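Visitor: Structure file model-v7.csv (CSV, C-alpha atoms) right here:
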```
chain,number,residue,atom,x,y,z
V,1,MET,CA,102.5,83.2,171.2
V,2,ASP,CA,99.5,82.0,169.2
V,3,LEU,CA,97.7,85.2,170.2
V,4,TRP,CA,100.6,87.4,168.9
V,5,LEU,CA,100.8,85.3,165.7
V,6,THR,CA,97.1,85.8,165.1
V,7,ILE,CA,97.3,89.5,165.7
V,8,VAL,CA,100.2,89.8,163.2
V,9,LEU,CA,98.3,87.7,160.6
V,10,VAL,CA,95.2,89.9,161.0
V,11,LEU,CA,97.3,93.1,160.6
V,12,LEU,CA,99.0,91.7,157.5
V,13,THR,CA,95.7,90.6,156.0
V,14,GLY,CA,94.1,94.0,156.8
V,15,GLY,CA,97.1,95.8,155.2
V,16,LEU,CA,96.9,93.7,152.0
V,17,ILE,CA,93.2,94.5,151.7
V,18,PHE,CA,92.9,98.1,152.8
V,19,TRP,CA,96.4,99.5,152.1
V,20,PRO,CA,95.9,102.9,150.3
V,21,ARG,CA,96.4,102.6,146.5
V,22,HIS,CA,98.1,99.2,146.7
V,23,GLY,CA,95.7,97.2,148.7
V,24,VAL,CA,93.2,94.7,147.2
V,25,LEU,CA,90.2,96.9,148.0
V,26,PRO,CA,91.6,100.2,146.6
V,27,ARG,CA,92.7,98.3,143.5
V,28,TRP,CA,89.3,96.7,143.0
V,29,ARG,CA,87.6,100.1,143.4
V,30,GLU,CA,90.0,101.7,140.9
V,31,ALA,CA,89.4,98.8,138.4
V,32,ARG,CA,85.7,99.3,138.8
V,33,ARG,CA,85.9,103.0,138.2
V,34,LEU,CA,87.9,102.4,135.1
V,35,ALA,CA,85.5,99.8,133.8
V,36,ASP,CA,82.6,102.2,134.4
V,37,ARG,CA,84.4,105.0,132.6
V,38,VAL,CA,85.3,102.7,129.6
V,39,ARG,CA,81.6,101.7,129.2
V,40,ARG,CA,80.6,105.3,129.4
V,41,GLU,CA,83.1,106.5,126.8
V,42,ASP,CA,82.4,103.6,124.5
V,43,ALA,CA,78.7,104.5,124.6
V,44,LEU,CA,79.5,108.1,123.8
V,45,LYS,CA,81.7,107.0,120.9
V,46,HIS,CA,78.9,104.8,119.6
V,47,ILE,CA,76.4,107.7,119.7
V,48,LEU,CA,78.8,110.1,118.0
V,49,LYS,CA,79.4,107.7,115.1
V,50,ARG,CA,75.7,107.0,114.7
V,51,GLU,CA,75.0,110.8,114.6
V,52,ALA,CA,77.7,111.4,112.1
V,53,ASN,CA,76.1,108.8,109.7
V,54,GLY,CA,72.6,110.2,110.2
V,55,GLN,CA,71.5,107.2,112.3
V,56,ALA,CA,69.6,107.3,115.5
V,57,PRO,CA,71.4,105.7,118.5
V,58,SER,CA,69.3,103.2,120.5
V,59,VAL,CA,69.4,101.4,123.8
V,60,GLU,CA,69.5,98.1,121.9
V,61,GLY,CA,72.5,99.2,119.8
V,62,ILE,CA,74.5,100.3,122.9
V,63,ALA,CA,73.5,97.1,124.7
V,64,GLY,CA,74.9,95.0,121.8
V,65,LEU,CA,78.1,97.0,121.7
V,66,LEU,CA,78.8,96.9,125.4
V,67,GLN,CA,77.3,93.4,125.9
V,68,LEU,CA,75.0,94.6,128.7
V,69,LYS,CA,71.3,94.1,129.4
V,70,PRO,CA,69.0,96.9,128.3
V,71,ASN,CA,68.2,97.8,131.9
V,72,ALA,CA,71.9,98.2,132.6
V,73,VAL,CA,72.3,100.4,129.5
V,74,ALA,CA,69.2,102.5,130.6
V,75,ALA,CA,70.9,103.1,133.9
V,76,LEU,CA,74.1,104.0,132.2
V,77,ILE,CA,72.3,106.5,129.9
V,78,ALA,CA,70.6,108.0,133.0
V,79,GLN,CA,74.0,108.4,134.6
V,80,MET,CA,75.4,110.1,131.6
V,81,GLU,CA,72.4,112.4,131.4
V,82,ARG,CA,72.9,113.5,135.0
V,83,GLY,CA,76.6,114.1,134.2
V,84,GLY,CA,75.6,116.5,131.3
V,85,LEU,CA,77.0,114.2,128.6
V,86,VAL,CA,73.8,113.3,126.8
V,87,THR,CA,70.2,114.5,126.5
V,88,TYR,CA,66.9,113.6,124.9
V,89,LEU,CA,65.7,116.0,122.3
V,90,GLY,CA,62.4,115.1,120.6
V,91,GLY,CA,62.6,111.6,122.1
V,92,GLN,CA,66.0,111.0,120.5
V,93,LEU,CA,69.3,110.4,122.4
V,94,ARG,CA,71.8,113.1,121.6
V,95,LEU,CA,75.2,114.3,122.8
V,96,THR,CA,75.6,117.5,124.6
V,97,PRO,CA,78.6,119.8,123.7
V,98,THR,CA,80.5,118.3,126.6
V,99,GLY,CA,79.7,114.7,125.6
V,100,ARG,CA,80.6,115.5,122.0
V,101,GLU,CA,84.0,116.9,123.0
V,102,LEU,CA,84.8,113.8,125.1
V,103,ALA,CA,83.6,111.4,122.3
V,104,LEU,CA,85.7,113.2,119.7
V,105,HIS,CA,88.7,112.9,122.0
V,106,ILE,CA,88.2,109.1,122.3
V,107,VAL,CA,87.8,108.7,118.5
V,108,ARG,CA,90.7,111.0,117.7
V,109,THR,CA,93.0,109.2,120.3
V,110,HIS,CA,91.9,105.7,118.9
V,111,ARG,CA,92.8,106.6,115.3
V,112,LEU,CA,96.0,108.3,116.2
V,113,TRP,CA,97.1,105.3,118.3
V,114,GLU,CA,96.4,103.0,115.4
V,115,SER,CA,98.5,105.2,113.2
V,116,TYR,CA,101.3,105.1,115.7
V,117,LEU,CA,101.1,101.3,115.9
V,118,ALA,CA,101.1,101.0,112.1
V,119,ASP,CA,104.0,103.4,111.4
V,120,GLN,CA,106.2,103.2,114.4
V,121,THR,CA,106.0,99.6,115.7
V,122,GLY,CA,106.1,96.1,114.4
V,123,ILE,CA,102.9,95.0,116.1
V,124,ALA,CA,100.7,92.8,114.0
V,125,GLU,CA,98.0,94.6,112.0
V,126,VAL,CA,95.2,92.5,113.4
V,127,ASP,CA,96.1,93.7,116.9
V,128,TRP,CA,96.0,97.4,116.2
V,129,HIS,CA,92.3,97.9,116.9
V,130,ARG,CA,92.4,95.9,120.2
V,131,GLN,CA,95.3,97.9,121.6
V,132,ALA,CA,93.9,101.2,120.5
V,133,ASP,CA,90.6,100.3,122.1
V,134,ARG,CA,92.5,100.1,125.4
V,135,GLN,CA,94.8,103.1,124.9
V,136,GLU,CA,92.0,105.5,123.9
V,137,HIS,CA,90.7,105.6,127.5
V,138,LEU,CA,94.1,106.3,129.1
V,139,LEU,CA,95.6,109.3,127.1
V,140,THR,CA,94.9,112.8,128.2
V,141,THR,CA,94.1,115.6,125.7
V,142,GLN,CA,97.7,116.9,126.0
V,143,GLU,CA,99.1,113.4,125.5
V,144,THR,CA,96.9,112.9,122.4
V,145,GLU,CA,98.1,116.2,120.9
V,146,ALA,CA,101.7,115.3,121.6
V,147,LEU,CA,101.2,112.0,119.8
V,148,ALA,CA,99.6,113.8,116.8
V,149,ALA,CA,102.6,116.1,116.6
V,150,ARG,CA,105.0,113.2,116.8
V,151,LEU,CA,103.2,111.5,113.8
V,152,GLY,CA,103.1,114.7,111.8
V,153,HIS,CA,99.4,115.3,112.3
V,154,PRO,CA,98.0,112.5,110.0
V,155,THR,CA,94.5,113.1,108.6
V,156,ARG,CA,93.6,109.4,108.2
V,157,ASP,CA,94.3,106.2,110.1
V,158,PRO,CA,95.6,103.0,108.6
V,159,HIS,CA,92.1,101.7,108.0
V,160,GLY,CA,91.2,104.8,105.9
V,161,ASP,CA,89.1,106.5,108.6
V,162,GLU,CA,89.4,110.3,108.9
V,163,ILE,CA,91.1,111.5,112.1
V,164,PRO,CA,89.0,114.4,113.4
V,165,THR,CA,90.7,117.5,114.8
V,166,ARG,CA,89.9,118.7,118.3
V,167,THR,CA,87.5,121.3,117.0
V,168,GLU,CA,85.7,119.8,114.0
V,169,ASP,CA,82.9,117.3,114.1
V,170,LEU,CA,83.1,113.7,112.9
V,171,ARG,CA,82.1,113.5,109.3
V,172,ALA,CA,80.0,110.8,107.7
V,173,SER,CA,81.7,108.0,105.7
V,174,SER,CA,81.8,108.8,102.0
V,175,GLY,CA,82.2,105.3,100.7
V,176,SER,CA,79.9,102.5,99.8
V,177,SER,CA,80.3,98.7,100.0
V,178,LEU,CA,82.5,97.0,97.5
V,179,ASN,CA,79.4,94.8,96.8
V,180,ALA,CA,77.6,97.8,95.4
V,181,ALA,CA,80.4,98.7,93.0
V,182,THR,CA,79.7,98.6,89.2
V,183,PRO,CA,81.8,96.1,87.3
V,184,GLY,CA,84.4,97.8,85.2
V,185,GLU,CA,84.5,101.1,87.2
V,186,ALA,CA,87.7,102.3,88.7
V,187,MET,CA,87.4,102.7,92.5
V,188,ARG,CA,89.6,103.3,95.5
V,189,ILE,CA,89.4,101.5,98.8
V,190,GLU,CA,88.4,104.3,101.2
V,191,HIS,CA,88.0,102.2,104.4
V,192,ILE,CA,88.4,98.6,105.6
V,193,GLU,CA,86.3,97.9,108.7
V,194,ASP,CA,88.4,96.3,111.5
V,195,GLU,CA,85.4,94.6,113.3
V,196,PRO,CA,84.8,91.8,113.7
V,197,SER,CA,88.4,90.8,114.0
V,198,THR,CA,87.9,87.4,112.3
V,199,VAL,CA,86.7,89.1,109.1
V,200,TYR,CA,89.4,91.8,109.2
V,201,SER,CA,92.2,89.2,109.6
V,202,GLN,CA,91.0,87.6,106.4
V,203,LEU,CA,91.1,90.9,104.5
V,204,VAL,CA,94.6,91.6,105.9
V,205,ALA,CA,95.7,88.1,104.8
V,206,ALA,CA,94.4,88.9,101.3
V,207,GLY,CA,96.8,91.9,101.2
V,208,LEU,CA,94.0,94.5,101.0
V,209,ARG,CA,94.5,97.9,102.4
V,210,ALA,CA,92.9,101.4,102.3
V,211,GLY,CA,94.2,103.5,99.4
V,212,MET,CA,94.4,100.7,96.9
V,213,LYS,CA,92.8,101.1,93.4
V,214,VAL,CA,90.3,98.4,92.5
V,215,VAL,CA,88.1,97.3,89.6
V,216,VAL,CA,85.3,94.8,90.0
V,217,ILE,CA,85.6,92.2,87.3
V,218,GLU,CA,82.4,90.2,88.0
V,219,LYS,CA,80.1,89.4,90.9
V,220,ASP,CA,77.1,87.2,91.8
V,221,ALA,CA,75.4,86.0,94.9
V,222,GLN,CA,78.3,83.8,95.9
V,223,ARG,CA,81.4,85.8,95.2
V,224,ILE,CA,82.9,89.0,93.9
V,225,ARG,CA,86.0,89.0,91.8
V,226,PHE,CA,88.1,92.2,91.5
V,227,TRP,CA,91.5,93.5,90.6
V,228,ALA,CA,93.7,95.4,93.1
V,229,ASP,CA,97.4,96.1,93.4
V,230,GLY,CA,98.4,94.0,90.5
V,231,ASN,CA,96.4,90.9,91.5
V,232,ALA,CA,93.0,89.3,91.1
V,233,HIS,CA,91.1,88.7,94.4
V,234,VAL,CA,88.0,86.7,95.1
V,235,LEU,CA,85.8,87.4,98.2
V,236,ALA,CA,82.5,86.2,99.5
V,237,PRO,CA,80.0,89.1,99.7
V,238,SER,CA,80.0,88.9,103.5
V,239,LEU,CA,83.7,89.8,103.5
V,240,ALA,CA,83.5,92.3,100.7
V,241,HIS,CA,80.8,94.2,102.7
V,242,ASN,CA,83.5,95.3,105.1
V,243,ILE,CA,85.4,97.1,102.3
V,244,GLU,CA,84.2,100.7,101.4
V,245,VAL,CA,85.1,102.2,98.1
V,246,VAL,CA,84.7,105.5,96.4
V,247,PRO,CA,84.6,106.2,92.6
V,248,GLN,CA,87.7,107.6,90.8
V,249,PRO,CA,86.3,109.7,87.9
V,250,ASP,CA,89.8,110.7,86.7
V,251,LEU,CA,90.9,107.0,86.5
V,252,LYS,CA,90.0,104.3,83.9
V,253,ALA,CA,89.8,100.6,84.6
V,254,ASP,CA,92.7,100.1,82.1
V,255,ASP,CA,94.9,102.3,84.3
V,256,VAL,CA,94.3,100.1,87.2
V,257,TYR,CA,95.0,96.9,85.2
V,258,ALA,CA,98.1,98.5,83.8
V,259,GLU,CA,99.7,99.2,87.2
V,260,ARG,CA,103.2,97.5,87.3
V,261,PHE,CA,105.2,96.4,90.3
V,262,LEU,CA,108.9,95.8,90.7
V,263,SER,CA,108.4,92.0,91.0
V,264,GLN,CA,107.2,92.1,87.4
V,265,LEU,CA,110.4,93.8,86.1
V,266,LYS,CA,112.5,91.4,83.9
V,267,PRO,CA,116.2,91.2,83.3
V,268,GLY,CA,117.3,93.9,80.8
V,269,GLU,CA,114.3,96.2,81.6
V,270,ARG,CA,114.6,99.5,83.3
V,271,ALA,CA,112.0,101.4,85.3
V,272,ARG,CA,111.3,104.4,87.5
V,273,VAL,CA,109.8,104.1,91.0
V,274,LEU,CA,106.3,105.7,91.3
V,275,GLY,CA,105.8,104.9,94.9
V,276,LEU,CA,105.0,102.3,97.5
V,277,SER,CA,101.8,100.3,97.8
V,278,PRO,CA,99.4,101.2,100.6
V,279,ALA,CA,100.0,97.7,101.8
V,280,CYS,CA,103.5,98.7,102.8
V,281,ARG,CA,103.6,100.4,106.2
V,282,GLY,CA,105.7,100.7,109.3
V,283,ALA,CA,109.3,99.4,109.5
V,284,GLU,CA,109.0,97.8,106.0
V,285,ARG,CA,108.1,101.1,104.4
V,286,ARG,CA,110.9,103.0,106.2
V,287,ARG,CA,113.4,100.3,105.2
V,288,LEU,CA,112.5,100.4,101.5
V,289,LEU,CA,112.6,104.2,101.5
V,290,ASP,CA,116.0,104.2,103.2
V,291,LEU,CA,117.3,101.8,100.6
V,292,GLY,CA,116.5,104.3,97.9
V,293,PHE,CA,113.1,103.1,96.6
V,294,VAL,CA,111.7,106.6,96.6
V,295,PRO,CA,109.5,108.1,93.8
V,296,GLY,CA,111.7,109.0,90.8
V,297,SER,CA,114.5,106.6,91.5
V,298,GLU,CA,115.6,104.7,88.4
V,299,LEU,CA,116.3,101.0,88.7
V,300,GLU,CA,117.0,97.8,86.8
V,301,VAL,CA,117.3,94.1,87.5
V,302,GLU,CA,120.9,93.3,88.3
V,303,MET,CA,120.7,89.5,89.0
V,304,VAL,CA,118.1,86.8,89.6
V,305,SER,CA,118.9,84.0,92.0
V,306,PRO,CA,118.8,80.4,90.6
V,307,GLY,CA,115.5,79.7,92.4
V,308,GLY,CA,114.0,82.9,91.0
V,309,ASP,CA,113.7,84.6,94.5
V,310,PRO,CA,115.2,86.9,95.7
V,311,THR,CA,116.2,89.2,92.9
V,312,ALA,CA,118.9,91.9,93.1
V,313,TYR,CA,118.1,95.4,91.8
V,314,ARG,CA,120.4,98.3,91.1
V,315,VAL,CA,119.0,101.5,92.5
V,316,ARG,CA,120.9,104.8,93.2
V,317,GLY,CA,124.2,103.1,92.6
V,318,SER,CA,123.6,100.2,95.0
V,319,VAL,CA,122.6,96.6,94.5
V,320,ILE,CA,119.7,95.6,96.7
V,321,ALA,CA,118.3,92.1,97.0
V,322,LEU,CA,114.5,91.9,97.6
V,323,ARG,CA,112.1,89.0,98.0
V,324,ARG,CA,109.2,88.8,95.6
V,325,ASP,CA,106.7,89.8,98.2
V,326,GLN,CA,108.8,92.9,99.0
V,327,ALA,CA,109.3,93.8,95.3
V,328,ASN,CA,105.5,93.5,94.9
V,329,LEU,CA,105.1,96.5,97.2
V,330,ILE,CA,107.0,98.9,94.9
V,331,ARG,CA,105.0,100.5,92.1
V,332,ILE,CA,107.0,101.3,88.9
V,333,ALA,CA,106.7,102.8,85.5
V,334,PRO,CA,108.7,100.8,82.9
V,335,GLU,CA,111.3,102.8,80.9
V,336,GLU,CA,109.0,103.1,77.9
V,337,ALA,CA,106.1,104.3,79.9
V,338,ALA,CA,108.3,106.6,81.9
V,339,ALA,CA,109.6,108.2,78.7
```
In structure tokens, how does this file's structure come out?
Guide:
Amino acid sequence: MDLWLTIVLVLLTGGLIFWPRHGVLPRWREARRLADRVRREDALKHILKREANGQAPSVEGIAGLLQLKPNAVAALIAQMERGGLVTYLGGQLRLTPTGRELALHIVRTHRLWESYLADQTGIAEVDWHRQADRQEHLLTTQETEALAARLGHPTRDPHGDEIPTRTEDLRASSGSSLNAATPGEAMRIEHIEDEPSTVYSQLVAAGLRAGMKVVVIEKDAQRIRFWADGNAHVLAPSLAHNIEVVPQPDLKADDVYAERFLSQLKPGERARVLGLSPACRGAERRRLLDLGFVPGSELEVEMVSPGGDPTAYRVRGSVIALRRDQANLIRIAPEEAAA
């Protein structure tokens, strides 16, 4: 009896370990293959971004990104070279056409997935990058193109990064750090870097988003103070470094300061909706649009609650109550300015 029990236990253990696809050993091998592919594709993505910005990729840079020792990275690069993904030209690491195509697919998938999370789900903004980092390695080219079609073929992701097409190369960033902006000059936030996550979460908490118009008020070695989306903001230079801005030659600083939001509308005043703030995305954006807060809609304050928040607004024949933080997402032109 003991012999038969031992045989059964050995067979069960062997089955658990070696069972095709579902055994411990096949699962471990599959996980290892996936981890190797993720490291390879992350390295290709890093090289692509460095090339796009005119910077030479290095073993040290890839090692820091992948948290590997230089010897392990050298072995990884040798493997990619044998696979026809990279080559050394003039002593510099470069992508081959095959490697560039794969790297572009990874970048395109990542930015499309972030756009999907921002516009179609209620997932917290600080989690978009982490989830897209995982999903970019799982989608096929066909699945990525289906996702792009579902989203209406967006050209930029929620952080302001350009989404490359399948055939065009990745272009260099056109923005410069907010720290370098000239005080009093009208700018637009082109990109907000989402790494490291600790810095990005602070920028999100401050309500800063790509697409906002900004004017630097003053700056010194300890802080930079600027105006954006109807509010004054103060950041340490280390945080402001993660915000890229581009000049707006057709816009004056006074135009940025003069931007009005629905939360500023007073009883008895009328206004016209100009649009929604770039800070408004996903389900919140769809809800406000569905309620009638679309460009051109006329509105007025119907009633203010005793505590001052929320406020009821009449728009398109309906009375809608909004909290102050919601009303602060709706850009308006007061009746006098609209006229």
Visitor: Could you jot down the atom CA of Glu218 of chain V to atom CA of Val204 of chain V separation for me, Å, one decimal place?
Guide: 21.7 Å
Visitor: Would you compute an axis-aligned box for segment 270-285 of chain V, covering every atom listed for it in the file with 4 Å of margin on each side, and report centre and edge lengths in Å to one decimal as lines of an AutoDock Vina configuration file?
Guide:
```
center_x = 107.0
center_y = 101.7
center_z = 96.4
size_x = 23.2
size_y = 16.0
size_z = 34.2
```
Visitor: Using all atoms listed in the file, find the one residue out of V:Leu44, V:Leu251, V:Ala63, V:Asn179 that sits nearest to Thr98 of chain V.
Guide: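 Among the listed residues, the smallest separation from Thr98 of chain V belongs to V:Leu44.
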Visitor: Counting only C-alpha atoms, what is within 10 Å of Lys219 of chain V, bar same-chain residues fewer than 2 positions away, as a VMD selection string?
Guide: chain V and resid 179 to 183 216 to 217 221 to 226 234 to 237
Visitor: V:Ser176, V:Gln135, V:Ala312, V:Leu289: which is nearest Lys266 of chain V, counting only C-alpha atoms?
Guide: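 Among the listed residues, V:Ala312 lies closest to Lys266 of chain V.
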